[in-house]
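Enquirer: Here you go, one structure.
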Amino acid sequence: PDENKWYASQDPVIIWESSTFATGVRILLDTSASSTPSETVALSASKQEFKGLADGVWYFHAQYRNREGWGPISHRAIRLDKTKPQMTAVEIQQKDPSDTAPLVVLNATDTAAGVDQYILMIDGASEKKVQIKDLVNGAYQLAQLEVGAHVLGIRAVDRAGNESEVLLKYFTVAPPVVAERKPRGPEIPWWAIILDAALLVGAGFALVFNFGRVKITLMNTKKRFGDLGKSAEDSR
């Protein structure tokens with residue numbers, strides 16, 4: 001077996017090379033990385049099958065003997081994982097109900113090999129494989145979705161190729177909220193504001209057009225009308 005690869009098996013078959021110069025062979029399979037083999041096997045043997053091993057890292061040890069005695073021990077790791085990973089949590093995070101590209105926070109456990117990737121499926125469409133290295137803080141951003149109800153199917157896959165049961169997550173993308181615009185009242189010209197102010201203080205006014213520019217002259221009519229009234233009384 002490849003020492004760096006995980007196998008979805010509990011029954012490994014181990015093959016070793018025989019040597020024409022060997023006068024004896026002994027082997028051992030255990031969970032220690034540096035054990036000394038103790039089981040002597042026939043020189044003609046070159047294969048051993050093991051049954052019902054537990055998940056985890058095992059080590060196969062082999063040692064040859066020649067006319068000068070026992071030689072160095074060879075150690076090989078065997079990585080076994082037959083157990084499916086478990087989805088522990090899935091959370092859909094939307095900035096607001098109308099967010100069309102939400103984040104999916106993924107979490108799964110696998111004791112032996114560890115989780116390698118997730119398989120996502122939106123609304124029964126094609127599957128999307130998401131590697132652990134592609135997650136940002138445990139989250140993956142979905143592609144743009146249409147407004148409406150959606151269902152997300154998630155499976156976790158460990159490094160031995162075991163897949164978890166499908167976990168379904170339902171969510172909805174709401175239509176965008178359009179802010180209601182209140183009708184604006186009629187805009188009041190700047191010169192109308194000045195005229196209103198002039199009337200409030202009792203001033204007269206005169207408009208003088210000068211090359212397209214408006215000049216406003218305010219007159220204190222209250223004072224002038226008072227002077228006229230006084231002159232009329234004097235004439236009587």
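Labeling convention for the structure tokens: chains A, B, ... as they appear, residues from 1 per chain, ligands from 1 in order of appearance.
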Each residue of range 29-122 of chain A lying at most 12 Å from range 143-160 of chain A should get a row with its shortest atom-to-atom pair and the distance in Å to one decimal, counting only C-alpha atoms; could you produce that, ordered by chain and increasing number, as CSV?
Expert:
residue,atom,partner,partner_atom,distance
A:Asp55,CA,A:Ala160,CA,10.8
A:Gly56,CA,A:Ala160,CA,11.2
A:Ile78,CA,A:Ala160,CA,12.0
A:Arg79,CA,A:Ala160,CA,8.8
A:Leu80,CA,A:Ala160,CA,7.7
A:Asp81,CA,A:Ala160,CA,6.2
A:Lys82,CA,A:Ala160,CA,7.7
A:Thr83,CA,A:Asp158,CA,9.1
A:Lys84,CA,A:Asp158,CA,7.4
A:Pro85,CA,A:Asp158,CA,6.3
A:Gln86,CA,A:Ala156,CA,7.3
A:Met87,CA,A:Ala156,CA,6.6
A:Thr88,CA,A:Ala156,CA,10.1
A:Ala89,CA,A:Ile154,CA,10.4
A:Val90,CA,A:Ile154,CA,8.5
A:Glu91,CA,A:Leu152,CA,10.7
A:Ile92,CA,A:Leu152,CA,9.5
A:Gln94,CA,A:Leu145,CA,12.0
A:Pro97,CA,A:Val147,CA,10.0
A:Ser98,CA,A:Val147,CA,7.6
A:Asp99,CA,A:Leu145,CA,8.7
A:Thr100,CA,A:Leu145,CA,5.0
A:Ala101,CA,A:Gln144,CA,4.8
A:Pro102,CA,A:Ala143,CA,8.1
A:Leu103,CA,A:Ala143,CA,9.5
A:Val104,CA,A:Leu152,CA,9.5
A:Val105,CA,A:Ile154,CA,11.0
A:Leu106,CA,A:Ile154,CA,8.8
A:Asn107,CA,A:Ala156,CA,8.7
A:Ala108,CA,A:Ala156,CA,6.7
A:Thr109,CA,A:Ala156,CA,8.7
A:Asp110,CA,A:Asp158,CA,6.8
A:Thr111,CA,A:Asp158,CA,9.6
A:Ala112,CA,A:Asp158,CA,8.9
A:Ala113,CA,A:Arg159,CA,5.4
A:Gly114,CA,A:Asp158,CA,5.4
A:Val115,CA,A:Asp158,CA,4.1
A:Asp116,CA,A:Asp158,CA,4.8
A:Gln117,CA,A:Val157,CA,5.3
A:Tyr118,CA,A:Ala156,CA,4.5
A:Ile119,CA,A:Arg155,CA,5.1
A:Leu120,CA,A:Ile154,CA,4.8
A:Met121,CA,A:Gly153,CA,5.0
A:Ile122,CA,A:Leu152,CA,4.7
Enquirer: Generate the output file for the selected residues, N, CA and C atoms, as a compact mmCIF listing (two decimals), in the first residue's frame.
Expert:
# COMPACT_ATOMS: atom_id res chain seq x y z
N ASP A 55 -10.09 1.30 12.32
CA ASP A 55 -9.65 2.52 11.63
C ASP A 55 -8.41 3.08 12.31
N GLY A 56 -7.54 3.66 11.50
CA GLY A 56 -6.34 4.29 12.04
C GLY A 56 -5.11 3.94 11.24
N ILE A 78 0.27 1.83 7.07
CA ILE A 78 -0.96 1.47 6.35
C ILE A 78 -2.10 2.26 6.99
N ARG A 79 -2.75 3.12 6.21
CA ARG A 79 -3.78 4.02 6.74
C ARG A 79 -5.16 3.50 6.34
N LEU A 80 -5.96 3.17 7.33
CA LEU A 80 -7.28 2.57 7.09
C LEU A 80 -8.38 3.44 7.70
N ASP A 81 -9.45 3.61 6.93
CA ASP A 81 -10.62 4.35 7.42
C ASP A 81 -11.85 3.84 6.68
N LYS A 82 -12.68 3.11 7.38
CA LYS A 82 -13.89 2.56 6.78
C LYS A 82 -15.15 3.31 7.22
N THR A 83 -14.98 4.27 8.13
CA THR A 83 -16.12 4.96 8.73
C THR A 83 -16.47 6.23 7.95
N LYS A 84 -17.75 6.46 7.73
CA LYS A 84 -18.20 7.66 7.02
C LYS A 84 -18.02 8.90 7.89
N PRO A 85 -17.71 10.03 7.29
CA PRO A 85 -17.68 11.28 8.06
C PRO A 85 -19.10 11.68 8.47
N GLN A 86 -19.19 12.56 9.45
CA GLN A 86 -20.47 13.02 9.96
C GLN A 86 -20.61 14.52 9.76
N MET A 87 -21.71 14.92 9.10
CA MET A 87 -22.02 16.34 9.01
C MET A 87 -22.55 16.80 10.36
N THR A 88 -21.92 17.81 10.93
CA THR A 88 -22.33 18.27 12.26
C THR A 88 -23.10 19.58 12.22
N ALA A 89 -22.85 20.42 11.25
CA ALA A 89 -23.55 21.70 11.17
C ALA A 89 -23.43 22.29 9.78
N VAL A 90 -24.52 22.91 9.35
CA VAL A 90 -24.54 23.68 8.10
C VAL A 90 -25.37 24.94 8.38
N GLU A 91 -24.83 26.08 8.03
CA GLU A 91 -25.54 27.33 8.26
C GLU A 91 -25.52 28.18 7.00
N ILE A 92 -26.69 28.68 6.62
CA ILE A 92 -26.79 29.59 5.48
C ILE A 92 -26.76 31.01 6.02
N GLN A 94 -26.98 34.96 5.07
CA GLN A 94 -27.32 35.98 4.08
C GLN A 94 -27.16 37.36 4.71
N PRO A 97 -32.38 39.25 3.61
CA PRO A 97 -33.21 38.23 2.98
C PRO A 97 -33.15 38.19 1.47
N SER A 98 -32.71 39.29 0.83
CA SER A 98 -32.64 39.32 -0.63
C SER A 98 -31.23 39.01 -1.16
N ASP A 99 -30.32 38.58 -0.29
CA ASP A 99 -28.96 38.25 -0.70
C ASP A 99 -28.99 37.05 -1.63
N THR A 100 -28.53 37.22 -2.87
CA THR A 100 -28.59 36.16 -3.87
C THR A 100 -27.34 35.28 -3.91
N ALA A 101 -26.32 35.63 -3.13
CA ALA A 101 -25.09 34.82 -3.09
C ALA A 101 -24.69 34.60 -1.63
N PRO A 102 -25.46 33.79 -0.91
CA PRO A 102 -25.18 33.60 0.52
C PRO A 102 -23.94 32.76 0.77
N LEU A 103 -23.46 32.83 2.00
CA LEU A 103 -22.36 31.99 2.46
C LEU A 103 -22.93 30.71 3.07
N VAL A 104 -22.21 29.61 2.86
CA VAL A 104 -22.57 28.34 3.49
C VAL A 104 -21.44 27.96 4.45
N VAL A 105 -21.75 27.93 5.73
CA VAL A 105 -20.77 27.53 6.73
C VAL A 105 -20.88 26.02 6.92
N LEU A 106 -19.77 25.31 6.66
CA LEU A 106 -19.77 23.84 6.65
C LEU A 106 -18.93 23.30 7.79
N ASN A 107 -19.42 22.23 8.40
CA ASN A 107 -18.65 21.60 9.47
C ASN A 107 -18.98 20.11 9.50
N ALA A 108 -17.94 19.29 9.43
CA ALA A 108 -18.09 17.84 9.49
C ALA A 108 -16.89 17.27 10.25
N THR A 109 -17.07 16.07 10.79
CA THR A 109 -15.99 15.42 11.53
C THR A 109 -15.69 14.06 10.93
N ASP A 110 -14.42 13.68 11.02
CA ASP A 110 -13.98 12.36 10.61
C ASP A 110 -12.75 12.03 11.44
N THR A 111 -12.86 11.02 12.28
CA THR A 111 -11.84 10.76 13.28
C THR A 111 -10.53 10.29 12.67
N ALA A 112 -10.57 9.38 11.73
CA ALA A 112 -9.33 8.76 11.23
C ALA A 112 -8.69 9.58 10.11
N ALA A 113 -9.26 9.52 8.91
CA ALA A 113 -8.62 10.15 7.75
C ALA A 113 -8.77 11.66 7.73
N GLY A 114 -9.88 12.16 8.25
CA GLY A 114 -10.15 13.59 8.19
C GLY A 114 -10.93 13.96 6.94
N VAL A 115 -11.70 15.04 7.02
CA VAL A 115 -12.53 15.49 5.90
C VAL A 115 -11.65 16.08 4.81
N ASP A 116 -11.91 15.69 3.57
CA ASP A 116 -11.12 16.14 2.43
C ASP A 116 -11.85 17.19 1.61
N GLN A 117 -13.18 17.02 1.43
CA GLN A 117 -13.94 17.93 0.60
C GLN A 117 -15.42 17.80 0.92
N TYR A 118 -16.19 18.77 0.37
CA TYR A 118 -17.65 18.73 0.45
C TYR A 118 -18.21 18.71 -0.96
N ILE A 119 -19.34 18.05 -1.11
CA ILE A 119 -20.04 18.03 -2.39
C ILE A 119 -21.37 18.75 -2.19
N LEU A 120 -21.56 19.84 -2.95
CA LEU A 120 -22.77 20.66 -2.83
C LEU A 120 -23.64 20.49 -4.07
N MET A 121 -24.94 20.52 -3.85
CA MET A 121 -25.88 20.45 -4.97
C MET A 121 -27.05 21.40 -4.67
N ILE A 122 -27.25 22.37 -5.56
CA ILE A 122 -28.32 23.35 -5.41
C ILE A 122 -29.48 22.97 -6.30
Enquirer: Identify all residues of range 16-159 of chain A in strand (DSSP E) (DSSP on the backbone) and supply them as a PyMOL selection string.
Expert: chain A and resi 24-30+39-41+47-49+56-66+69-80+86-93+103-109+115-122+128-131+139-141+148-158
Enquirer: Please determine, counting only C-alpha atoms, which residue among A:Ser164, A:Thr20, A:Gln141, A:Asn4 has the shortest atom-to-atom distance to Gln93 in chain A.
Expert: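 Closest residue, counting only C-alpha atoms: A:Gln141.
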Enquirer: Mind pulling up the distance from CA of Glu3 in chain A to CA of Gly24 in chain A?
Expert: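 CA of Glu3 in chain A lies at a distance of 25.2 Å from CA of Gly24 in chain A.
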Enquirer: Taking into account only C-alpha atoms, which residue in the set A:Asp96, A:Pro1, A:Asp11, A:Gln63 is nearest to Ile27 in chain A?
Expert: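 Nearest to Ile27 in chain A: A:Gln63.
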